[in-house]
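Written below as structure tokens is the structure these notes are about.
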Number of protein chains: 2
Amino acid sequence: MEFNETKNIFLQIRDWVADQILQGEIVAGEKIPSVRELAVDMEVNRNTVMRSYSLMEEEGIIENKRGIGFFVVADAKRNLLKMQKQIFLQDELPSILHQIEVLKLNSEDLQILIQTIQSNDHAN
Amino acid sequence: MEFNETKNIFLQIRDWVADQILQGEIVAGEKIPSVRELAVDMEVNRNTVMRSYSLMEEEGIIENKRGIGFFVVADAKRNLLKMQKQIFLQDELPSILHQIEVLKLNSEDLQILIQTIQSNDHAN
DNA sequence: TATACTGTCATAGTGTATTATGACACTAAT
DNA sequence: ATTAGTGTCATAATACACTATGACAGTATA
């Protein structure tokens with residue numbers, strides 16, 4: 001996997017798994033890749049994946065079954081949506097707004113952004 | 001100063017100075033705070049500020065006068081605008097779009113964002 | 001029972017951001 | 001000439017993310 005240099009790897013792995021859940025590619029109750037398997041896939045150390053999974057376990061989106069592996073919690077998707085939404089609106093959005101103001105980005109520059117938002121208006 | 005835990009301090013200091021220039025609070029030709037002074041102000045080590053300034057010197061937005069200090073380059077603002085715009089549109093926007101899609105954020109959730117963009121349409 | 005999976009823990013090593021200090025050369029002002 | 005302010009370089013220490021391995025207990029399956 002291609003990792004961003006500015007963000008910790010174990011956080012990016014968490015984000016990747018969270019994305020899989022939000023996009024419905026991993027369903028509630030389903031088993032996620034084993035620590036060792038994902039480590040090989042992502043060319044990363046076991047301990048790093050372990051750290052991501054431990055974090056997600058604390059967040060209550062996956063749970064462990066001894067000797068078997070990690071599984072997606074029942075309402076993981078709903079909880080994730082709520083968590084991520086709040087993080088985005090409270091922590092990330094202010095910085096985005098600030099940049100748009102300072103760089104004087106207009107509707108033309110951000111055409112795609114506006115389109116993306118509007119396409120969510122008509123999607124239930 | 002309050003630093004974000006997820007981003008390197010020397011990069012946040014660079015961003016802060018760049019912001020001052022973009023907002024016109026530091027003008028071309030003007031002297032910026034000395035390495036030692038800013039270090040005390042921000043409660044950070046000299047070397048960390050030095051690293052930020054070295055980076056900005058490489059980026060061509062400030063220049064050094066021996067024994068005196070660092071000064072804002074003539075067309076620093078124009079260059080910064082171009083640089084930051086490109087970074088935002090190419091590196092940050094894709095991730096923002098992805099989150100909006102996954103979290104299904106609509107015009108209501110992002111009301112402030114749309115207003116901010118539109119207020120830039122009428123500003124020359 | 002043996003084998004091959006699971007997660008987990010412990011230990012050690014590497015790289016890098018940050019801090020803490022000291023020393024030096026250059027410039028401006030008294 | 002002295003003093004105080006600039007940047008700059010070198011060194012050492014700390015903290016932490018990541019890697020590399022080995023070992024162990026629980027589980028499933030042949």
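Residue names in the structure tokens use chain letters A, B, ... in the order shown, residue numbers from 1 in each chain, and ligand numbers from 1 in the order shown.
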
Would you list the contacts of DA30 (chain D) as a list in words, taking every protein, DNA or RNA residue within 12 Å and counting only C-alpha atoms (C1' of nucleotides), but skipping same-chain residues closer than 6 positions in sequence?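 My list of contacting residues is DT1, DA2, DT3 and DA4 of chain C.
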
Using only C-alpha atoms and a cut-off of 7 Å, which residues of chain A sit close to chain B? Please list them as a list in words.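 Written out as asked, the residues are Thr6, Lys7, Leu22, Gln23, Leu81, Lys85, Leu97, Val102, Leu103, Lys104, Leu105, Asn106, Ser107, Leu113, Thr116, Ile117, Gln118, Asn120 and Asp121 of chain A.
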
Could you please take those selected residues and save all heavy atoms as a short mmCIF file (atom, residue, chain, number, x, y, z; two decimals), in the first residue's frame?
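And here is the file that came out, result.cif:
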data_model
loop_
_atom_site.label_atom_id
_atom_site.label_comp_id
_atom_site.auth_asym_id
_atom_site.auth_seq_id
_atom_site.Cartn_x
_atom_site.Cartn_y
_atom_site.Cartn_z
N THR A 6 2.95 12.09 5.87
CA THR A 6 2.63 13.04 6.94
C THR A 6 1.76 12.45 8.03
O THR A 6 1.55 13.08 9.05
CB THR A 6 1.91 14.29 6.37
OG1 THR A 6 0.66 13.87 5.83
CG2 THR A 6 2.74 14.91 5.25
N LYS A 7 1.27 11.23 7.82
CA LYS A 7 0.38 10.63 8.83
C LYS A 7 0.94 9.27 9.26
O LYS A 7 1.47 8.52 8.44
CB LYS A 7 -1.03 10.46 8.24
CG LYS A 7 -2.11 10.22 9.27
CD LYS A 7 -3.50 10.32 8.63
CE LYS A 7 -4.60 10.23 9.68
NZ LYS A 7 -5.95 10.36 9.07
N LEU A 22 -17.29 1.42 5.96
CA LEU A 22 -18.23 2.48 5.56
C LEU A 22 -18.74 2.24 4.14
O LEU A 22 -19.89 2.55 3.82
CB LEU A 22 -17.55 3.84 5.66
CG LEU A 22 -17.43 4.41 7.07
CD1 LEU A 22 -16.60 5.69 7.07
CD2 LEU A 22 -18.80 4.68 7.64
N GLN A 23 -17.89 1.71 3.29
CA GLN A 23 -18.28 1.48 1.91
C GLN A 23 -19.01 0.15 1.74
O GLN A 23 -19.38 -0.22 0.62
CB GLN A 23 -17.05 1.53 1.00
CG GLN A 23 -16.43 2.92 0.92
CD GLN A 23 -15.24 2.97 -0.01
OE1 GLN A 23 -14.60 1.96 -0.26
NE2 GLN A 23 -14.93 4.15 -0.52
N LEU A 81 -19.91 6.13 11.14
CA LEU A 81 -20.48 7.29 10.46
C LEU A 81 -20.58 8.48 11.42
O LEU A 81 -20.19 9.59 11.09
CB LEU A 81 -21.87 6.95 9.93
CG LEU A 81 -21.96 6.62 8.44
CD1 LEU A 81 -23.36 6.21 8.06
CD2 LEU A 81 -21.53 7.84 7.62
N LYS A 85 -18.03 11.65 11.04
CA LYS A 85 -18.74 12.88 10.71
C LYS A 85 -18.35 13.99 11.68
O LYS A 85 -18.04 15.11 11.28
CB LYS A 85 -20.25 12.62 10.79
CG LYS A 85 -21.05 13.19 9.63
CD LYS A 85 -22.49 12.70 9.72
CE LYS A 85 -23.32 13.12 8.53
NZ LYS A 85 -24.66 12.50 8.51
N LEU A 97 -11.90 25.47 5.60
CA LEU A 97 -12.50 26.78 5.39
C LEU A 97 -11.44 27.87 5.39
O LEU A 97 -11.45 28.76 4.54
CB LEU A 97 -13.52 27.07 6.50
CG LEU A 97 -14.79 26.21 6.52
CD1 LEU A 97 -15.68 26.58 7.69
CD2 LEU A 97 -15.55 26.35 5.21
N VAL A 102 -8.14 32.04 2.63
CA VAL A 102 -6.82 32.62 2.39
C VAL A 102 -6.41 32.51 0.92
O VAL A 102 -5.85 33.44 0.35
CB VAL A 102 -5.76 31.95 3.29
CG1 VAL A 102 -4.37 32.40 2.90
CG2 VAL A 102 -6.02 32.26 4.75
N LEU A 103 -6.71 31.36 0.32
CA LEU A 103 -6.31 31.15 -1.07
C LEU A 103 -7.35 31.71 -2.05
O LEU A 103 -7.14 31.64 -3.27
CB LEU A 103 -6.11 29.65 -1.33
CG LEU A 103 -4.99 28.98 -0.51
CD1 LEU A 103 -4.94 27.49 -0.79
CD2 LEU A 103 -3.64 29.62 -0.84
N LYS A 104 -8.45 32.23 -1.49
CA LYS A 104 -9.50 32.85 -2.31
C LYS A 104 -9.98 31.89 -3.41
O LYS A 104 -10.09 32.28 -4.58
CB LYS A 104 -8.99 34.15 -2.94
CG LYS A 104 -8.57 35.21 -1.93
CD LYS A 104 -9.44 36.44 -2.03
CE LYS A 104 -9.02 37.50 -1.00
NZ LYS A 104 -9.30 37.01 0.39
N LEU A 105 -10.24 30.65 -3.02
CA LEU A 105 -10.73 29.66 -3.98
C LEU A 105 -12.22 29.86 -4.20
O LEU A 105 -12.98 29.96 -3.25
CB LEU A 105 -10.45 28.25 -3.45
CG LEU A 105 -8.97 27.91 -3.25
CD1 LEU A 105 -8.80 26.59 -2.52
CD2 LEU A 105 -8.25 27.87 -4.59
N ASN A 106 -12.63 29.93 -5.46
CA ASN A 106 -14.04 30.20 -5.78
C ASN A 106 -14.76 28.97 -6.36
O ASN A 106 -14.19 27.88 -6.43
CB ASN A 106 -14.13 31.39 -6.74
CG ASN A 106 -13.34 31.13 -8.02
OD1 ASN A 106 -13.18 29.98 -8.44
ND2 ASN A 106 -12.84 32.19 -8.62
N SER A 107 -15.99 29.19 -6.77
CA SER A 107 -16.81 28.09 -7.28
C SER A 107 -16.20 27.40 -8.49
O SER A 107 -16.43 26.21 -8.73
CB SER A 107 -18.20 28.63 -7.67
OG SER A 107 -18.85 29.15 -6.53
N LEU A 113 -15.91 19.90 -6.04
CA LEU A 113 -16.34 19.81 -4.65
C LEU A 113 -17.84 20.07 -4.53
O LEU A 113 -18.57 19.31 -3.87
CB LEU A 113 -15.56 20.83 -3.81
CG LEU A 113 -15.93 20.95 -2.33
CD1 LEU A 113 -15.75 19.62 -1.61
CD2 LEU A 113 -15.08 22.02 -1.65
N THR A 116 -19.89 17.23 -5.94
CA THR A 116 -19.89 16.06 -5.06
C THR A 116 -20.89 16.23 -3.93
O THR A 116 -21.64 15.30 -3.60
CB THR A 116 -18.48 15.86 -4.46
OG1 THR A 116 -17.53 15.72 -5.52
CG2 THR A 116 -18.44 14.62 -3.59
N ILE A 117 -20.91 17.42 -3.36
CA ILE A 117 -21.84 17.69 -2.27
C ILE A 117 -23.29 17.58 -2.76
O ILE A 117 -24.14 16.94 -2.13
CB ILE A 117 -21.61 19.10 -1.68
CG1 ILE A 117 -20.20 19.17 -1.06
CG2 ILE A 117 -22.66 19.43 -0.64
CD1 ILE A 117 -19.81 20.56 -0.61
N GLN A 118 -23.55 18.21 -3.92
CA GLN A 118 -24.91 18.22 -4.44
C GLN A 118 -25.41 16.83 -4.82
O GLN A 118 -26.60 16.55 -4.70
CB GLN A 118 -25.00 19.17 -5.64
CG GLN A 118 -24.90 20.64 -5.23
CD GLN A 118 -24.90 21.59 -6.40
OE1 GLN A 118 -24.65 21.18 -7.54
NE2 GLN A 118 -25.16 22.86 -6.14
N ASN A 120 -24.91 14.30 -3.22
CA ASN A 120 -25.33 13.65 -1.97
C ASN A 120 -26.71 14.13 -1.52
O ASN A 120 -27.35 13.49 -0.70
CB ASN A 120 -24.31 13.91 -0.86
CG ASN A 120 -23.09 13.03 -0.98
OD1 ASN A 120 -23.12 12.00 -1.66
ND2 ASN A 120 -22.00 13.41 -0.32
N ASP A 121 -27.13 15.27 -2.05
CA ASP A 121 -28.43 15.81 -1.67
C ASP A 121 -29.56 14.92 -2.18
O ASP A 121 -30.58 14.75 -1.53
CB ASP A 121 -28.62 17.22 -2.25
CG ASP A 121 -27.71 18.23 -1.56
OD1 ASP A 121 -27.22 17.92 -0.46
OD2 ASP A 121 -27.49 19.31 -2.13
#

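In terms of minimum interatomic distance to chain B, C:DA28 ranks closest within C:DG15, C:DC5, C:DA28, C:DA10, counting only C-alpha atoms (C1' of nucleotides).
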
Residue hits in chain B, query chain D, radius 9 Å, only C-alpha atoms (C1' of nucleotides), as an mmCIF file with C-alpha atoms, in the first residue's frame:
data_model
loop_
_atom_site.group_PDB
_atom_site.id
_atom_site.type_symbol
_atom_site.label_atom_id
_atom_site.label_comp_id
_atom_site.auth_asym_id
_atom_site.auth_seq_id
_atom_site.Cartn_x
_atom_site.Cartn_y
_atom_site.Cartn_z
ATOM 1 C CA SER B 34 14.286 36.222 14.546
ATOM 2 C CA VAL B 35 14.867 32.517 15.057
ATOM 3 C CA MET B 50 15.618 27.220 12.219
ATOM 4 C CA ASN B 64 18.643 35.804 4.810
ATOM 5 C CA LYS B 65 20.766 38.896 5.381
ATOM 6 C CA ARG B 66 23.895 37.960 7.318
ATOM 7 C CA GLY B 67 23.862 39.094 10.908
ATOM 8 C CA ILE B 68 20.482 40.788 10.532
ATOM 9 C CA GLY B 69 17.727 38.236 9.999
ATOM 10 C CA PHE B 70 15.225 36.806 7.527
#

Show me, as a PyMOL selection string, the residues of chain C whose atoms get within 10 Å of chain A, using only C-alpha atoms (C1' of nucleotides) for the distance check. chain C and resi 5-8

Selection from above, all heavy atoms, as a tab-separated table (two decimals), in the first residue's frame, can you write it?
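Here's the written file selection.tsv:
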chain	number	residue	atom	x	y	z
C	5	DC	P	-0.89	-22.11	7.36
C	5	DC	OP1	-0.98	-22.42	5.95
C	5	DC	OP2	0.39	-21.71	7.98
C	5	DC	O5'	-1.97	-20.98	7.69
C	5	DC	C5'	-1.86	-20.27	8.91
C	5	DC	C4'	-3.17	-20.32	9.67
C	5	DC	O4'	-3.11	-21.36	10.65
C	5	DC	C3'	-3.44	-19.04	10.44
C	5	DC	O3'	-4.16	-18.15	9.60
C	5	DC	C2'	-4.26	-19.53	11.61
C	5	DC	C1'	-3.78	-20.96	11.84
C	5	DC	N1	-2.84	-21.14	12.98
C	5	DC	C2	-3.34	-21.10	14.29
C	5	DC	O2	-4.55	-20.90	14.47
C	5	DC	N3	-2.48	-21.26	15.34
C	5	DC	C4	-1.18	-21.48	15.11
C	5	DC	N4	-0.39	-21.65	16.15
C	5	DC	C5	-0.66	-21.52	13.77
C	5	DC	C6	-1.52	-21.34	12.76
C	6	DT	P	-4.21	-16.60	9.93
C	6	DT	OP1	-4.90	-15.86	8.87
C	6	DT	OP2	-2.86	-16.19	10.41
C	6	DT	O5'	-5.20	-16.63	11.18
C	6	DT	C5'	-5.21	-15.53	11.99
C	6	DT	C4'	-5.88	-15.81	13.32
C	6	DT	O4'	-5.51	-17.11	13.83
C	6	DT	C3'	-5.36	-14.86	14.38
C	6	DT	O3'	-6.06	-13.66	14.27
C	6	DT	C2'	-5.64	-15.62	15.65
C	6	DT	C1'	-5.26	-17.04	15.23
C	6	DT	N1	-3.82	-17.35	15.46
C	6	DT	C2	-3.36	-17.51	16.76
C	6	DT	O2	-4.07	-17.40	17.73
C	6	DT	N3	-2.02	-17.81	16.86
C	6	DT	C4	-1.12	-17.95	15.83
C	6	DT	O4	0.06	-18.24	16.05
C	6	DT	C5	-1.66	-17.74	14.51
C	6	DT	C7	-0.75	-17.87	13.32
C	6	DT	C6	-2.97	-17.46	14.37
C	7	DG	P	-5.25	-12.32	14.09
C	7	DG	OP1	-6.14	-11.30	13.49
C	7	DG	OP2	-3.94	-12.59	13.48
C	7	DG	O5'	-5.06	-11.98	15.63
C	7	DG	C5'	-6.21	-12.01	16.46
C	7	DG	C4'	-5.80	-12.18	17.92
C	7	DG	O4'	-4.87	-13.29	18.03
C	7	DG	C3'	-5.09	-10.96	18.51
C	7	DG	O3'	-5.59	-10.74	19.83
C	7	DG	C2'	-3.62	-11.37	18.51
C	7	DG	C1'	-3.71	-12.88	18.72
C	7	DG	N9	-2.57	-13.61	18.17
C	7	DG	C8	-2.23	-13.75	16.84
C	7	DG	N7	-1.15	-14.45	16.65
C	7	DG	C5	-0.75	-14.81	17.93
C	7	DG	C6	0.37	-15.59	18.35
C	7	DG	O6	1.24	-16.13	17.67
C	7	DG	N1	0.41	-15.71	19.74
C	7	DG	C2	-0.51	-15.17	20.60
C	7	DG	N2	-0.31	-15.38	21.91
C	7	DG	N3	-1.55	-14.44	20.22
C	7	DG	C4	-1.61	-14.31	18.88
C	8	DT	P	-5.10	-9.45	20.59
C	8	DT	OP1	-6.12	-9.15	21.62
C	8	DT	OP2	-4.77	-8.45	19.57
C	8	DT	O5'	-3.78	-9.93	21.32
C	8	DT	C5'	-3.82	-11.07	22.15
C	8	DT	C4'	-2.50	-11.21	22.90
C	8	DT	O4'	-1.56	-11.97	22.08
C	8	DT	C3'	-1.81	-9.88	23.22
C	8	DT	O3'	-1.49	-9.85	24.60
C	8	DT	C2'	-0.56	-9.87	22.34
C	8	DT	C1'	-0.29	-11.36	22.19
C	8	DT	N1	0.46	-11.73	20.96
C	8	DT	C2	1.54	-12.56	21.07
C	8	DT	O2	1.92	-13.01	22.14
C	8	DT	N3	2.18	-12.86	19.89
C	8	DT	C4	1.83	-12.40	18.62
C	8	DT	O4	2.48	-12.73	17.65
C	8	DT	C5	0.68	-11.53	18.58
C	8	DT	C7	0.22	-10.99	17.26
C	8	DT	C6	0.05	-11.24	19.73

Those of region 10-103 of chain A in DSSP alpha helix (DSSP H), formatted as number ranges by chain: A: 10-22, 35-41, 46-58, 76-87, 93-103

Strand (DSSP E or B) per DSSP on the backbone: members of chain B, as a list in words: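 Assigned to strand (DSSP E or B), within chain B: Lys31, Ile62, Glu63, Asn64, Lys65, Gly69, Phe70, Phe71 and Val72 of chain B.
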
Can you tell me which residues surround Arg14 (chain A) at a distance of at most 9 Å, considering only C-alpha atoms (C1' of nucleotides), apart from same-chain residues fewer than 4 positions away, and format the answer as a PyMOL selection string? chain A and resi 9-10+18-19+49+52-53+55-56

Contacts of Met42 (chain A) at 9 Å or less, counting only C-alpha atoms (C1' of nucleotides), minus same-chain residues fewer than 5 places along, as a ChimeraX atom specification? /A:1-2,13,37

In Å, how far is it from CA of Ala76 (chain A) to CA of Ala28 (chain A)?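 Going from CA of Ala76 (chain A) over to CA of Ala28 (chain A), I get 6.8 Å.
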
Nearest-residue call for DT21 (chain C), choices B:Arg51, B:Arg46, B:Lys77, B:Lys31, using only C-alpha atoms (C1' of nucleotides):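 Answer, going by the shortest atom-to-atom distance: B:Arg46.
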